[in-house]
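Below is one structure; the comments refer to it alone.
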Amino acid sequence: FKQKTAYEMLRSLVGSEMCIRDRDQQLSTWLAFALLPLAGFATDIYLPSLPGMSVSLGITEIRTQFTLSIFLISYGISQLFIGSVLDSFGRHKIGVVCLLVFAVASFVIARSHNIYLIYLMRVVHGITAATIVVSKRAYFVDVFSGDRLKHYLSLFSIIWSTGPIVAPFVGGYLQNNFGWQSNFYFLGIWAVLFALLEYFFNRESLKHFSPFHFKSIVQVYTSMLHTTSFTLGLLIIGISYSMVMVYNMTGPFIIEHHLHFTAVIAGYCSLIIGFAWMIGGFIGKATIHKPFVKKLSLNLAIQVLICLVMLFSASFIENIFLLASFAFLVHVCAGFAFNVYFTYCLGKFPRNAGIASGLTGGIMYMIVSVLSYGMVYLMPANDTRNLGWSYLILILAVALVMWAVRKNEEPAKQQALVG
């Protein structure tokens with residue numbers, strides 16, 4: 001009787017401990033998902049404020065838009081290196097510190113009227129946001145495997161799209177009622193709250209710490225970049241996301257200055273177009289087992305057709321409904337392509353999850369920063385037609401990369417047949 005009672009007690013204790021661990025893992029997973037859209041919040045929340053920020057600071061539109069580009073550049077470059085640091089020193093404590101630093105930078109921007117200080121703080125935003133997001137992407141590879149990991153990776157672009165959906169909507173109301181500074185106060189408070197949640201309710205997910213040897217780390221990076229399918233996939237996700245950033249940098253100016261609507265309306269448009277990216281992500285997840293090249297080729301053909309109709313229509317009609325509807329359709333297709341290739345790239349190197357995550361995000365954002373700023377410089381935020389030309393150029397760039405992917409696959413297939 002005593003032995004049976006002791007056994008039952010031990011079993012109940014083990015069972016309760018497992019339940020606690022399951023609950024802890026579930027909470028950690030929810031926190032990881034909640035922090036994935038951080039970069040999107042850091043860029044999109046003040047999109048409706050760009051015109052007002054330009055007027056308030058007494059600077060040109062292009063200098064205000066550069067606050068987005070400089071964030072993307074620092075965010076991208078940081079991800080290239082931060083993955084190896086996280087694989088060697090862990091995710092948790094570094095992430096909490098970065099959230100607090102991100103909050104301080106947000107409050108400094110809100111209090112500043114010096115554009116150069118704002119640029120500096122946006123660099124800090126980029127570095128800290130990169131560290132946080134890379135650590136959270138790596139968390140899933142640390143904890144999960146197999147089909148469950150693939151399921152979570154395919155959700156990344158869908159979860160990420162909550163930033164472009166919610167942030168401009170919130171930012172439009174903040175701008176309309178409190179001014180552009182309120183966006184950065186919101187970011188600061190949000191970061192402090194999540195730092196507290198991370199500190200008290202999360203734990204380290206990294207099980208095997210890699211030695212921080214510079215030479216071996218460089219070899220891992222080199223090996224990844226020499227994988228042609230991985231590198232070309234990074235180009236496609238970078239170009240796909242550039243379509244979003246081109247709209248983010250030009251849309252508010254077209255809506256508020258050219259079409260003469262308020263910042264709230266600009267926020268509503270960004271909200272609707274953010275849903276487009278999420279829909280594209282859901283379609284990508286639903287077609288995960290469909291033939292890879294065939295579904296992407298069809299998606300590309302649809303995008304080209306949409307852009308041609310958009311350019312033709314913009315020659316005769318110029319209104320907000322035309323702008324929003326065609327941008328919506330283009331972003332659905334871009335979100336689809338992004339989801340398919342992002343899932344592929346993140347799951348390519350599970351043994352070096354932090355480095356793969358950082359390299360994927362880093363190169364992607366470097367491509368985005370160069371392409372989006374270049375497109376805005378060449379095609380200023382004048383009207384819907386300029387936006388349509390920007391989309392078409394980027395889509396043709398995707399077509400060129402996909403052609404390179406096909407050309408790369410043919411020798412591999414021939415070699416497999418010979419073997």
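FYI, nothing fancy with the structure tokens labels: chains A, B, ... in order, residues from 1 per chain, ligands from 1 as they appear.
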
All residues 9 Å or closer to segment 76-85 of chain A, only C-alpha atoms, same chain fewer than 3 positions away omitted, as a PyMOL selection string: chain A and resi 71-73+88-91+126-128+130-131+133-135+138+210+212+217+352-369

Practice prompt. Would you list the contacts of Phe41 of chain A as JSON, numbers by chain, taking every protein, DNA or RNA residue within 12 Å and counting only C-alpha atoms, but skipping same-chain residues closer than 4 positions in sequence?
Written response: {"A": [34, 35, 36, 37, 45, 46, 47, 68, 71, 106, 125, 126, 129, 133, 160, 161, 162, 163, 164, 165, 166, 167, 168, 169, 170, 171, 183, 184, 186, 187, 188, 190, 191, 274]}

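Within 10 Å of Lys207 of chain A, once only C-alpha atoms are used and residues closer than 6 positions along the same chain are dropped, the contacting residues are Asp87, Gly90, Asp142 and Val143 of chain A.
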
Within 8 Å of Val96 of chain A, counting only C-alpha atoms, which residues show up once you throw out same-chain ones fewer than 4 positions away? Write them as an NGL selection string, please.
-> :A and (92 or 100 or 195-196 or 198-199)

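Residues in contact with Val264 of chain A at up to 10 Å, not including ones fewer than 6 positions away on its chain and judged by only C-alpha atoms, are Pro48, Ser49, Pro168, Phe169, Val170, Gly171, Gly172, Tyr173, Leu174, Gln175, Asn176, Asn177, Glu256 and Ser270 of chain A.
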
Kindly export the residues of the current selection with C-alpha atoms, as a PDB file, in the first residue's frame.
ATOM      1  CA  PRO A  48       0.896  58.206 -41.445  1.00  0.00           C
ATOM      2  CA  SER A  49       3.100  60.695 -39.550  1.00  0.00           C
ATOM      3  CA  PRO A 168      -0.362  52.229 -39.295  1.00  0.00           C
ATOM      4  CA  PHE A 169      -3.952  52.019 -38.075  1.00  0.00           C
ATOM      5  CA  VAL A 170      -2.839  52.897 -34.528  1.00  0.00           C
ATOM      6  CA  GLY A 171      -0.307  55.413 -35.842  1.00  0.00           C
ATOM      7  CA  GLY A 172      -2.918  57.294 -37.875  1.00  0.00           C
ATOM      8  CA  TYR A 173      -5.011  57.969 -34.774  1.00  0.00           C
ATOM      9  CA  LEU A 174      -1.981  58.864 -32.673  1.00  0.00           C
ATOM     10  CA  GLN A 175      -0.802  61.326 -35.335  1.00  0.00           C
ATOM     11  CA  ASN A 176      -4.235  62.861 -35.729  1.00  0.00           C
ATOM     12  CA  ASN A 177      -4.751  63.388 -31.994  1.00  0.00           C
ATOM     13  CA  GLU A 256      -2.209  63.019 -47.916  1.00  0.00           C
ATOM     14  CA  SER A 270      -2.158  50.750 -44.755  1.00  0.00           C
TER      15      SER A 270
END

The residue from A:Leu38, A:Ala324, A:Ile254, A:Leu271 with the smallest atom-to-atom distance to Asn386 of chain A, counting only C-alpha atoms, is A:Ile254

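Shortest atom-to-atom contact with Ser240 of chain A among A:Arg137, A:Arg385, A:His331, A:His257: A:His331, counting only C-alpha atoms.
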
- [ ] DSSP on the backbone, then: every residue of segment 34-271 of chain A marked alpha helix (DSSP H), written as an MDAnalysis selection string.
- [x] chainID A and resid 34:35 38:44 50:57 61:89 92:111 115:143 146:160 162:178 181:201 214:225 228:253 263:271
